[in-house]
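Colleague: First, the structure itself, so that you have it in front of you.
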Amino acid sequence: MHRRDVWGDDPEERDADEVVRSLGDAAEPERRWHHHPIFVPFKAIGLFIGRNAKRVAVTVVGLIVVLAGIVMLVLPGPGIVTIIAGLAILATEYVWAERLLRAAKARAGQAKDAALDRVRGRSQR
């Protein structure tokens with residue numbers, strides 16, 4: 001009695017070497033240009049950007065605004081306000097930016113209080 005006759009659901013065994021030999025050169029399908037190993041890093045970057053497009057956009061815009069604020073510290077313009085706006089943009093995605101924004105707001109509040117104290121001190125004289 002054969003094993004297949006008892007169970008009936010086992011597939012027929014085949015020798016793998018025989019299958020490979022029968023395929024011959026057809027075992028390696030034609031490689032398309034975008035499957036070439038040179039393009040793998042670019043495909044990985046593209047997939048990353050596709051999955052994280054919002055985070056990439058927020059990062060780029062936030063960094064541009066922060067850099068513009070740093071430039072405005074030297075050139076005319078509202079540098080500190082622009083830096084705080086850039087940190088607010090970055091804080092929507094990054095915890096470190098949220099912490100920096102909180103610290104910047106605290107420093108801005110201290111500066112405002114110090115300026116108001118000076119103005120009040122002068123007006124009372």
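Note on naming: chains are A, B, ... as they come in the structure tokens, residues start from 1 per chain, ligands start from 1 in the order shown.
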Excluding same-chain residues fewer than 5 positions from segment 71-87 of chain A, what lies within 10 Å of it counting only C-alpha atoms, as number ranges by chain?
Modeller: A: 58-59, 61-66, 92, 94, 96-102, 104-105, 108
Colleague: With distances taken over only C-alpha atoms, which residue among A:Ala114, A:Ala103, A:Gly121, A:Leu90 lies nearest Lys54 of chain A?
Modeller: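 Among the listed residues, the smallest separation from Lys54 of chain A belongs to A:Leu90.
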